[in-house]
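Right, one structure below, let's go through it.
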Amino acid sequence: MKVLRYISALAGMVLMVSCGTAAKVEEVAEAVPLPGAEEAEALVAALAAAPAPGLTLPLETASGPKVFHFYPDANSNNMNVVTLAPRDGQWELENRVGYPCFEADGTEFKEFKGGIRMERIGESDILVMEALREDGEGKAQRSVITFNPASENLQAVSFCGKYLADGKIEGTSYIDAVASAINPEIEFARQLLMADGSLVELSKADEMTDQAIQWWLKNNPRARTNASSVTYGAVDAESSLVEAYKKAKKETSSGYNAALFNIRGYTVIVVLRKSSGSYVLAWAEPVCANKNTDPLLNNIYFRNDSNLTLFYYKGRTTYNYQLNLATGRLMR
């Protein structure tokens, strides 16, 4: 750990013999040097007790040498920034601030993607880093984080979605278009995310579909076990559920049209109510992985105007449910 050092100077190294005394010796403080990477990390460990993982960067600023350390908050969606600075020859903890950073989507911090670097953005030198969060069940969040060491302003843009079979992340980045247009750091982060080939932008239509299916599953958790009724979910006409419904084979009655099809990993039944022209999601379940061992929703047909039969295969056996499209009643 560096400490303040001193040098002694004799003015001209000349003895003032005329007055019979020696020249006064002055002590001049030498500036505290910027530590190297390893020393900076040791300073952070000693003075800030910051948990891993983290990123550390020693940096010469307009106000002198500083050490910045970034680490995620284990109990929130914040990014913590530790600042060390010398005072009276000793490195001290100058500041520790938690900045709201990540989207609250159920994911937890996993790792920084690479290190920390300096970029010239607009008229400022900005620190840039990237982070990955996951929930262990396929959901992921990629973030580009910028930090202005002069103003100590931290900003982030995140891409939230889920892993595809090929390892890419399909999802959406929630960026205020106005903020992106007037804020060069936000625009820089957005462009960096857009250039990442491992991120696949989810269309608005598919986003609506995912939201509708997740809503249905959340509100009907026992539909395939012992529920006696289901709650139908409204479907936006701009959703890809409606687009797929229009292309699918229909079962019809005097009051309803119904279509069974697979979409985005789920088997669904979308119903058109003829009286209102509105669409509802009547049923949703994960696509059957193995038709020999798992239930396969294979067909639907109307028994009467409002009672829809859901016909299942499971191995060599068959069974069906009766779903009333008017009341939501479910019979097995």
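Going through the structure tokens in order, the chains are called A, B, and so on, while each chain numbers its residues from 1 and the ligands are numbered from 1 in the order shown.
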Taking only residues of range 148-264 of chain A that have an atom at most 10 Å from an atom of range 93-104 of chain A, what is each one's shortest atom pair and its distance in Å to one decimal, using only C-alpha atoms, in chain and number order, as CSV?
```
residue,atom,partner,partner_atom,distance
A:Glu152,CA,A:Val97,CA,9.6
A:Asn153,CA,A:Tyr99,CA,8.8
A:Leu154,CA,A:Tyr99,CA,6.8
A:Gln155,CA,A:Cys101,CA,6.9
A:Ala156,CA,A:Cys101,CA,5.8
A:Val157,CA,A:Phe102,CA,8.0
A:Ser158,CA,A:Phe102,CA,6.8
A:Phe159,CA,A:Glu103,CA,8.8
A:Cys160,CA,A:Glu103,CA,7.8
A:Ser173,CA,A:Glu103,CA,10.0
A:Tyr174,CA,A:Glu103,CA,9.2
```
Okay, now the selection with all heavy atoms, as a short mmCIF file (atom, residue, chain, number, x, y, z; two decimals), in the first residue's frame?
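Final file, out.cif:
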```
data_model
loop_
_atom_site.label_atom_id
_atom_site.label_comp_id
_atom_site.auth_asym_id
_atom_site.auth_seq_id
_atom_site.Cartn_x
_atom_site.Cartn_y
_atom_site.Cartn_z
N GLU A 152 -19.68 11.03 -12.08
CA GLU A 152 -20.09 9.85 -11.31
C GLU A 152 -21.55 9.50 -11.60
O GLU A 152 -22.33 9.16 -10.71
CB GLU A 152 -19.85 10.05 -9.81
CG GLU A 152 -18.37 10.26 -9.48
CD GLU A 152 -18.06 10.17 -8.00
OE1 GLU A 152 -19.00 10.01 -7.21
OE2 GLU A 152 -16.87 10.23 -7.66
N ASN A 153 -21.90 9.54 -12.88
CA ASN A 153 -23.24 9.18 -13.34
C ASN A 153 -23.18 7.80 -14.00
O ASN A 153 -22.40 7.59 -14.93
CB ASN A 153 -23.74 10.23 -14.33
CG ASN A 153 -25.15 9.92 -14.81
OD1 ASN A 153 -25.98 9.44 -14.05
ND2 ASN A 153 -25.41 10.17 -16.09
N LEU A 154 -24.01 6.88 -13.51
CA LEU A 154 -24.05 5.53 -14.07
C LEU A 154 -25.38 5.32 -14.79
O LEU A 154 -26.43 5.69 -14.29
CB LEU A 154 -23.89 4.49 -12.96
CG LEU A 154 -23.82 3.02 -13.41
CD1 LEU A 154 -22.84 2.25 -12.54
CD2 LEU A 154 -25.19 2.34 -13.37
N GLN A 155 -25.30 4.71 -15.99
CA GLN A 155 -26.50 4.41 -16.78
C GLN A 155 -26.36 3.00 -17.35
O GLN A 155 -25.24 2.48 -17.50
CB GLN A 155 -26.68 5.42 -17.91
CG GLN A 155 -26.85 6.85 -17.43
CD GLN A 155 -27.02 7.83 -18.57
OE1 GLN A 155 -28.13 8.11 -19.00
NE2 GLN A 155 -25.92 8.37 -19.06
N ALA A 156 -27.49 2.39 -17.69
CA ALA A 156 -27.45 1.03 -18.24
C ALA A 156 -28.59 0.82 -19.21
O ALA A 156 -29.68 1.39 -19.05
CB ALA A 156 -27.51 0.00 -17.12
N VAL A 157 -28.35 0.00 -20.21
CA VAL A 157 -29.38 -0.46 -21.13
C VAL A 157 -29.34 -1.98 -21.10
O VAL A 157 -28.27 -2.59 -21.24
CB VAL A 157 -29.15 0.04 -22.56
CG1 VAL A 157 -30.15 -0.59 -23.52
CG2 VAL A 157 -29.28 1.56 -22.61
N SER A 158 -30.50 -2.61 -20.90
CA SER A 158 -30.56 -4.07 -20.76
C SER A 158 -31.42 -4.71 -21.84
O SER A 158 -32.40 -4.12 -22.30
CB SER A 158 -31.11 -4.45 -19.38
OG SER A 158 -30.24 -4.03 -18.35
N PHE A 159 -31.02 -5.92 -22.22
CA PHE A 159 -31.77 -6.74 -23.17
C PHE A 159 -32.26 -7.95 -22.38
O PHE A 159 -31.46 -8.73 -21.87
CB PHE A 159 -30.87 -7.16 -24.32
CG PHE A 159 -31.58 -7.90 -25.42
CD1 PHE A 159 -32.04 -7.23 -26.54
CD2 PHE A 159 -31.79 -9.28 -25.34
CE1 PHE A 159 -32.69 -7.91 -27.57
CE2 PHE A 159 -32.44 -9.95 -26.36
CZ PHE A 159 -32.89 -9.27 -27.48
N CYS A 160 -33.58 -8.10 -22.26
CA CYS A 160 -34.18 -9.15 -21.43
C CYS A 160 -34.90 -10.17 -22.29
O CYS A 160 -35.66 -9.81 -23.18
CB CYS A 160 -35.16 -8.54 -20.43
SG CYS A 160 -34.46 -7.22 -19.42
N SER A 173 -35.22 -5.08 -25.69
CA SER A 173 -34.55 -4.04 -24.91
C SER A 173 -35.53 -2.90 -24.74
O SER A 173 -36.11 -2.42 -25.71
CB SER A 173 -33.28 -3.55 -25.62
OG SER A 173 -33.57 -3.11 -26.93
N TYR A 174 -35.75 -2.51 -23.50
CA TYR A 174 -36.72 -1.46 -23.20
C TYR A 174 -35.99 -0.13 -23.10
O TYR A 174 -35.46 0.25 -22.06
CB TYR A 174 -37.45 -1.78 -21.89
CG TYR A 174 -38.21 -3.09 -21.98
CD1 TYR A 174 -37.65 -4.27 -21.53
CD2 TYR A 174 -39.47 -3.13 -22.55
CE1 TYR A 174 -38.33 -5.48 -21.63
CE2 TYR A 174 -40.16 -4.32 -22.66
CZ TYR A 174 -39.59 -5.49 -22.19
OH TYR A 174 -40.27 -6.68 -22.30
#
```
Taking only range 44-184 of chain A into account, list the residues labelled alpha helix (DSSP H) by DSSP (computed from the backbone), as a list in words.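 Everything in range 44-184 of chain A that counts as alpha helix (DSSP H) is Val44, Ala45, Ala46, Leu47, Ala177, Val178, Ala179, Ser180, Ala181, Ile182 and Pro184 of chain A.
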Those residues you just picked out, can you put them in a file as an mmCIF file, in the first residue's frame with C-alpha atoms?
```cif
data_model
loop_
_atom_site.group_PDB
_atom_site.id
_atom_site.type_symbol
_atom_site.label_atom_id
_atom_site.label_comp_id
_atom_site.auth_asym_id
_atom_site.auth_seq_id
_atom_site.Cartn_x
_atom_site.Cartn_y
_atom_site.Cartn_z
ATOM 1 C CA VAL A 44 -10.246 -2.325 -2.625
ATOM 2 C CA ALA A 45 -10.054 -5.565 -0.649
ATOM 3 C CA ALA A 46 -8.472 -3.795 2.333
ATOM 4 C CA LEU A 47 -10.540 -0.629 2.404
ATOM 5 C CA ALA A 177 -36.458 6.439 -27.811
ATOM 6 C CA VAL A 178 -36.354 10.063 -26.669
ATOM 7 C CA ALA A 179 -33.652 9.343 -24.092
ATOM 8 C CA SER A 180 -31.629 7.453 -26.676
ATOM 9 C CA ALA A 181 -31.854 10.357 -29.116
ATOM 10 C CA ILE A 182 -30.563 12.971 -26.679
ATOM 11 C CA PRO A 184 -25.092 9.729 -26.254
#
```
All strand (DSSP E) residues (DSSP, backbone) inside range 55-150 of chain A, as JSON, numbers by chain: {"A": [55, 56, 57, 58, 59, 60, 61, 64, 65, 66, 67, 68, 69, 70, 71, 72, 78, 79, 80, 81, 82, 83, 84, 85, 86, 87, 90, 91, 92, 93, 94, 95, 96, 97, 98, 99, 100, 108, 109, 110, 111, 112, 117, 118, 119, 120, 121, 124, 125, 126, 127, 128, 129, 130, 131, 132, 133, 134, 139, 140, 141, 142, 143, 144, 145, 146, 147, 148]}
Need the shell around Val270 in chain A: protein/DNA/RNA residues with any atom at most 9 Å away, counting only C-alpha atoms. Skip same-chain ones fewer than 3 positions apart. Format as an mmCIF file with C-alpha atoms, in the first residue's frame?
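Generated output (out-v7.cif):
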```cif
data_model
loop_
_atom_site.group_PDB
_atom_site.id
_atom_site.type_symbol
_atom_site.label_atom_id
_atom_site.label_comp_id
_atom_site.auth_asym_id
_atom_site.auth_seq_id
_atom_site.Cartn_x
_atom_site.Cartn_y
_atom_site.Cartn_z
ATOM 1 C CA VAL A 235 -55.805 -11.718 -26.871
ATOM 2 C CA LEU A 241 -51.586 -15.706 -31.651
ATOM 3 C CA VAL A 242 -54.232 -14.096 -33.833
ATOM 4 C CA TYR A 245 -55.172 -18.525 -35.561
ATOM 5 C CA ASN A 257 -64.649 -20.530 -33.891
ATOM 6 C CA ALA A 258 -61.758 -22.412 -32.264
ATOM 7 C CA ALA A 259 -58.278 -23.324 -33.503
ATOM 8 C CA LEU A 260 -55.675 -25.685 -32.014
ATOM 9 C CA PHE A 261 -52.018 -25.072 -32.922
ATOM 10 C CA TYR A 279 -60.271 -13.323 -29.404
ATOM 11 C CA VAL A 280 -59.539 -15.253 -26.199
ATOM 12 C CA LEU A 281 -56.870 -17.720 -25.176
ATOM 13 C CA ALA A 282 -58.898 -20.672 -23.945
ATOM 14 C CA TRP A 283 -56.094 -23.165 -23.325
#
```
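Using only C-alpha atoms, the smallest distance between any of A:Gly197, A:Asp236, A:Ala284, A:Ile145 and Asn78 in chain A comes from A:Ile145.
Coordinates place CA of Glu111 in chain A at a distance of 26.5 Å from CA of Glu60 in chain A.
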At a cut-off of 9 Å, using only C-alpha atoms, what residues contact Glu41 in chain A? Leave out same-chain residues fewer than 6 positions from it and give the result as a list in words.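 Here the qualifying residues turn out to be Leu55, Thr56, Leu57, Pro58, Val67 and His69 of chain A.
Closest approach to Gly233 in chain A among A:Ala40, A:Leu310, A:Cys288, A:Leu325: A:Leu325, based on only C-alpha atoms.
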Near range 209-216 of chain A, counting only C-alpha atoms, which residues have an atom at most 12 Å away, once you skip same-chain residues fewer than 2 positions from it, shown as number ranges by chain? A: 161-162, 170-172, 202-207, 218-223, 230-245, 262-270, 279-286
In Å, rounded to a single decimal, give me how far CA of Ala165 in chain A is from CA of Pro295 in chain A. 22.9 Å
For the atom pair CA of Asn299 in chain A and CA of Leu217 in chain A, what is the interatomic distance in Å to one decimal place? 20.2 Å
Considering only C-alpha atoms, state which residue in the set A:Thr61, A:Arg142, A:Ser229, A:Arg117 is at the smallest distance from Asp196 in chain A.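 With only C-alpha atoms as the atom set, the closest residue is A:Arg142.
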So that I can check the surroundings of Leu330 in chain A, please list as a PyMOL selection string every protein, DNA and RNA residue that reaches within 7 Å of it, counting only C-alpha atoms and ignoring chain neighbours fewer than 3 positions away. chain A and resi 228-230+321-324
So that I can check the surroundings of Pro53 in chain A, please list as a list in words every protein, DNA and RNA residue that reaches within 10 Å of it, counting only C-alpha atoms and ignoring chain neighbours fewer than 2 positions away. Ala50, Pro51, Leu55, Phe70, Tyr71, Pro72, Phe109, Lys110, Glu111 and Phe112 of chain A
